[in-house]
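Enquirer: Please read through the structure below; I'll follow up with questions.
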Amino acid sequence: MSKIYKYRIGRRTLTHTCLHLVVFAALGFGLYFLYEGGYLSAWFTSFVAAVIALMALSIPRRIILDDEGLHILCLLDITELRHEEIAAVRRVERRELRWLLPLFGGYGFFGYYGHFLDLKHLERVRLYASEWRDLIEITDIYENRILVSCSRTEELTRDLQEAIARNRHTQQQECAGTPNEAAPQHDDPQEA
């Protein structure tokens, strides 16, 4: 069983992306015309190209939920969580997002991704979102929080909760195994 959840790029994200590109282009052209030639304009152009390339590699593309676990696929980066590593899943209300401050990552440039600081709880949160709504919080067994967005949030939340319940049921069955199954019994005491 493998399900794919695609990201949906919202209007706000497209607006932020266009604004970023316009600002980068304006700064590049401004430096080129104000400071003719030289290393400063070449350095700035190289720096902006490198930043755009690095940010583009972390743009979230899709979420895959299969028998092995949850896979968050970006252009270059893959974040994987096995089912037994997922502790909790919940929907995040939009008002909770106002406490997030970007530390390292993109804020509106083709999405919202990277490491953010939750000012309310003073915790680091990883964010993989293409828009600033319909977010799901996934907490792993190490109490790390990951926020993802997708076009079918209810379905992803339900599927993850079912996977957590199946995993807990399997763990309970393994723990409830009888001692006879755990260690083989010998008839002859000298063989033991």
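Residue names in the structure tokens use chain letters A, B, ... in the order shown, residue numbers from 1 in each chain, and ligand numbers from 1 in the order shown.
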Can you list, as a count of residues only, every protein, DNA or RNA residue that comes within 12 Å of Asp159 in chain A when you count only C-alpha atoms, leaving out same-chain residues fewer than 4 positions away?

Expert: 22

Enquirer: Need the shell around Met55 in chain A: protein/DNA/RNA residues with any atom at most 8 Å away, counting only C-alpha atoms. Skip same-chain ones fewer than 5 positions apart. Format as a VMD selection string?

Expert: chain A and resid 105 to 106 109

Enquirer: Just list as number ranges by chain whatever in range 30-172 of chain A DSSP marks as strand (DSSP E).

Expert: A: 60-65, 69-74, 78-82, 86-92, 100-107, 112-118, 123-129, 135-140, 145-149

Enquirer: Show which residues sit within 6 Å of range 116-122 of chain A, as a list in words. Count only C-alpha atoms, and ignore same-chain residues fewer than 5 positions away.

Expert: Trp99, Leu100, Leu101, Pro102 and Leu103 of chain A

Enquirer: Enumerate the residues of range 12-187 of chain A with a DSSP assignment of alpha helix (DSSP H), computed from the backbone, and present them as a PyMOL selection string.

Expert: chain A and resi 12-34+38-57+153-175+179-182

Enquirer: For range 91-93 of chain A, please output as an MDAnalysis selection string all residues within 7 Å (counting only C-alpha atoms; exclusion window: fewer than 2 positions along the same chain).

Expert: chainID A and resid 95:96 135:137
